[in-house]
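One structure below.
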Amino acid sequence: MRGPGVDQDSTLGQPGRTVRLLAAAVVLALTAVGTVWAQDSAFPVGPFRMYSTRSGPDTVVKSTRVDGVNALGDRIPIDESETGLRRAEIEGQLGRLVADPTLLALIAESYARRNPDRPPLTRVEIVVRRDDLRGGVRTGEFTDTVTAAWDAEPVAAEPVS
Amino acid sequence: MNRVARWWTEPMPLARVAAFRVLAYLFIPIDVLLTTSWVAWHADVPTDLYQPLIVGELLNLPLPTSAFVVGVKWSLVVAALLAATGRAPRLLGVVVFLLYFEWMVIAMSYGKVDHDRFAFLVALAVLPTVGAARWGDRARSEAAGWALRCVQVAVMLTYFLAAWAKVRFGGWDWVTGATLTRAVIRRGTALADWTLDVPNLLVGAQWLLFSLELLSPLILLARSDRARVAVVGLLVGFHVVTYAGITIVFLPHVVAMLSMLPWERLRRASAAPVAPAYALPPAPLAGAPPANA
């Protein structure tokens, strides 16, 4: 049994110490390079840029959401857990989705996978809300714009053989 | 040995590593199944929406198909629970690190990258290097010291480099902008909405946040147990307020911070009834203040 309190400290051999110091130096260097020059794609050593962009006190605040129309014709808001993509992820791919709205079919697809008991979506919209800001204070005015939309093909007739 | 090497490998109690390891590994099932459950949603997202990171392309990581995401998820949960037992710390620790790393690649490859994981990833990477560490160990070790130092530096960098990013992407006038106003409009809670009607309040908060981030290297100067408890308390307070305001919490980062706490003292406190306090040997930590009676 060990005595109380005064066990011998264990030390590192020279190789163990050198390898550890080198590993720390390499990770520090990569992180520094990532912070100074790289973008988010360099994760986990990319820049720590959460909330790093500056919003002007008089510029609008944009918030993106997904709306849909289901097979029953109901217009419904689609939340993150229903598409499998977080709002910021939709915003991160917004350029791509606007350039090629057929990609929204993929969102309808993941909605169907995640909600097998509900009627499928026949229309998917990306809606951007712009909240007005004056001197850093919300004026209460906003506009909603559909920036990308996709409609399911009408159900195809039986193929003629 | 020069001063830099000594600073990085200053001996630390093995019992602290043993305690932190249990916390870190037990946090993983909570993270995967509860607090960051959105990662698993990606199993249902078509791979055409996958936007690979540099690391995913360099290492040629597989496309996150539904089966792959589900497979990584449950392997990770099982491996973390096994690792929390303290058995085969090197082997299981490496397995958990690799699986968690892949889990993070799955998380961050769909158009949004989060920054709350750096210190936790570093913790998972260095924990296996300590090897055997038991709660009953009374010794300190340089391997433990290096591992805990790495996590502490990673925690500090998460703040300090966030200040750097604000200057890089937002400019020096970031502090006078409306970034926090935007954050509260987009995701403010009932607890935070009132701040929108007081414009200078959020600008003041930006000044405070940016200053504290710039001062974060002071974390490394917290040498005594008491100072480190105070630092962790302050930082946890900041993250709790942020969560109350905009429901963003750097939970993995907060868990990594727990490595700075003197967990081995709990053992001494619980052992105290066995021997009278005055008979306890002096605390083995050089430079530490005497234990509170």
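Identifiers for the structure tokens are assigned positionally: chains receive A, B, ... in sequence, residues are indexed from 1 per chain, and ligands are indexed from 1 in the order shown.
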
Restrict the calculation to only C-alpha atoms, then for each residue of chain B with any atom at most 6 Å from an atom of chain A give the closest atom pair and their distance in Å to one decimal, rows by chain and rising residue number, as a Markdown table.
| residue | atom | partner | partner_atom | distance |
| --- | --- | --- | --- | --- |
| B:Trp41 | CA | A:Gly84 | CA | 4.7 |
| B:His42 | CA | A:Gly84 | CA | 5.8 |
| B:Asp44 | CA | A:Ser110 | CA | 5.3 |
| B:Val45 | CA | A:Ser110 | CA | 5.1 |
| B:Leu53 | CA | A:Ser41 | CA | 4.7 |
| B:Ile54 | CA | A:Ser41 | CA | 5.7 |
| B:Tyr110 | CA | A:Glu89 | CA | 5.8 |
| B:Gly111 | CA | A:Gly92 | CA | 4.4 |
| B:Lys112 | CA | A:Glu89 | CA | 4.9 |
| B:His115 | CA | A:Phe48 | CA | 5.8 |
| B:Arg138 | CA | A:Gly5 | CA | 5.4 |
| B:Ala139 | CA | A:Asp7 | CA | 4.8 |
| B:Arg140 | CA | A:Asp9 | CA | 4.8 |
| B:Ser141 | CA | A:Ser10 | CA | 4.6 |
| B:Glu142 | CA | A:Thr11 | CA | 5.2 |
| B:Ala162 | CA | A:Phe48 | CA | 4.8 |
| B:Ala165 | CA | A:Arg49 | CA | 5.2 |
| B:Lys166 | CA | A:Ser52 | CA | 4.1 |
| B:Phe169 | CA | A:Thr53 | CA | 5.3 |
| B:Gly170 | CA | A:Thr53 | CA | 4.2 |
| B:Trp174 | CA | A:Arg54 | CA | 5.1 |
| B:Gly177 | CA | A:Gly56 | CA | 5.2 |
| B:Ala178 | CA | A:Ser55 | CA | 4.8 |
| B:Thr179 | CA | A:Ser55 | CA | 4.9 |
| B:Arg182 | CA | A:Val61 | CA | 5.9 |
| B:Pro199 | CA | A:Gly136 | CA | 5.7 |

Subject >> Backbone DSSP call of alpha helix (DSSP H) for chain A, listed as JSON, numbers by chain >> reply: {"A": [14, 15, 16, 17, 18, 19, 20, 21, 22, 23, 24, 25, 26, 27, 28, 29, 30, 31, 32, 33, 34, 35, 36, 37, 80, 81, 82, 83, 87, 88, 89, 90, 91, 92, 94, 95, 96, 97, 98, 99, 104, 105, 106, 107, 108, 109, 110, 111, 112, 113, 114]}

Original post:
Could you write out, as a PyMOL selection string, all the residues of segment 10-121 of chain A that DSSP marks as strand (DSSP E)?
Top reply: chain A and resi 61-70+75-78+121

For the residues in the current selection, export C-alpha atoms as a short mmCIF file (atom, residue, chain, number, x, y, z; two decimals), in the first residue's frame.
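The resulting file, part_0.cif, is shown below:
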data_model
loop_
_atom_site.label_atom_id
_atom_site.label_comp_id
_atom_site.auth_asym_id
_atom_site.auth_seq_id
_atom_site.Cartn_x
_atom_site.Cartn_y
_atom_site.Cartn_z
CA VAL A 61 -30.51 42.34 -39.55
CA LYS A 62 -31.22 39.32 -41.72
CA SER A 63 -32.66 36.09 -40.32
CA THR A 64 -33.27 33.13 -42.56
CA ARG A 65 -35.99 30.53 -42.20
CA VAL A 66 -37.46 27.71 -44.21
CA ASP A 67 -41.16 27.63 -45.07
CA GLY A 68 -42.90 24.82 -46.85
CA VAL A 69 -46.17 23.78 -48.39
CA ASN A 70 -47.17 20.18 -47.78
CA ARG A 75 -48.27 26.39 -45.55
CA ILE A 76 -46.05 25.50 -42.58
CA PRO A 77 -42.86 26.80 -40.99
CA ILE A 78 -40.11 24.18 -41.08
CA LEU A 121 -43.46 18.86 -48.90
#
